[in-house]
Amino acid sequence: MTKKTASFTTRALTSLASDIADHQVLTERIRIQFEALAKSNGVKMPEASLR
């Protein structure tokens with residue numbers, strides 16, 4: 001791998017890691033808001049599932 005390619009790869013991986021972290025934060029915020037809304041309306045939370 002050339003130095004230029006390595007630099008691009010490092011930037012791309014850093015950017016991807018940042019995007020994943022942002023997504024995780026947003027997902028957690030949505031979950032917290034959903035749980036609060038469900039609780040205030042007496043709705044039972046569905047069980048988490050992996051798809």
# chains A, B, ... in the order shown; residues from 1 in each chain; ligands from 1
$ select_by_dssp --residues "chain A" --states "alpha helix (DSSP H)" --output "ChimeraX atom specification"
/A:3-40
$ atom_distance --atom1 "atom CA of A:Ile30" --atom2 "atom CA of A:Ala12"
26.9 Å
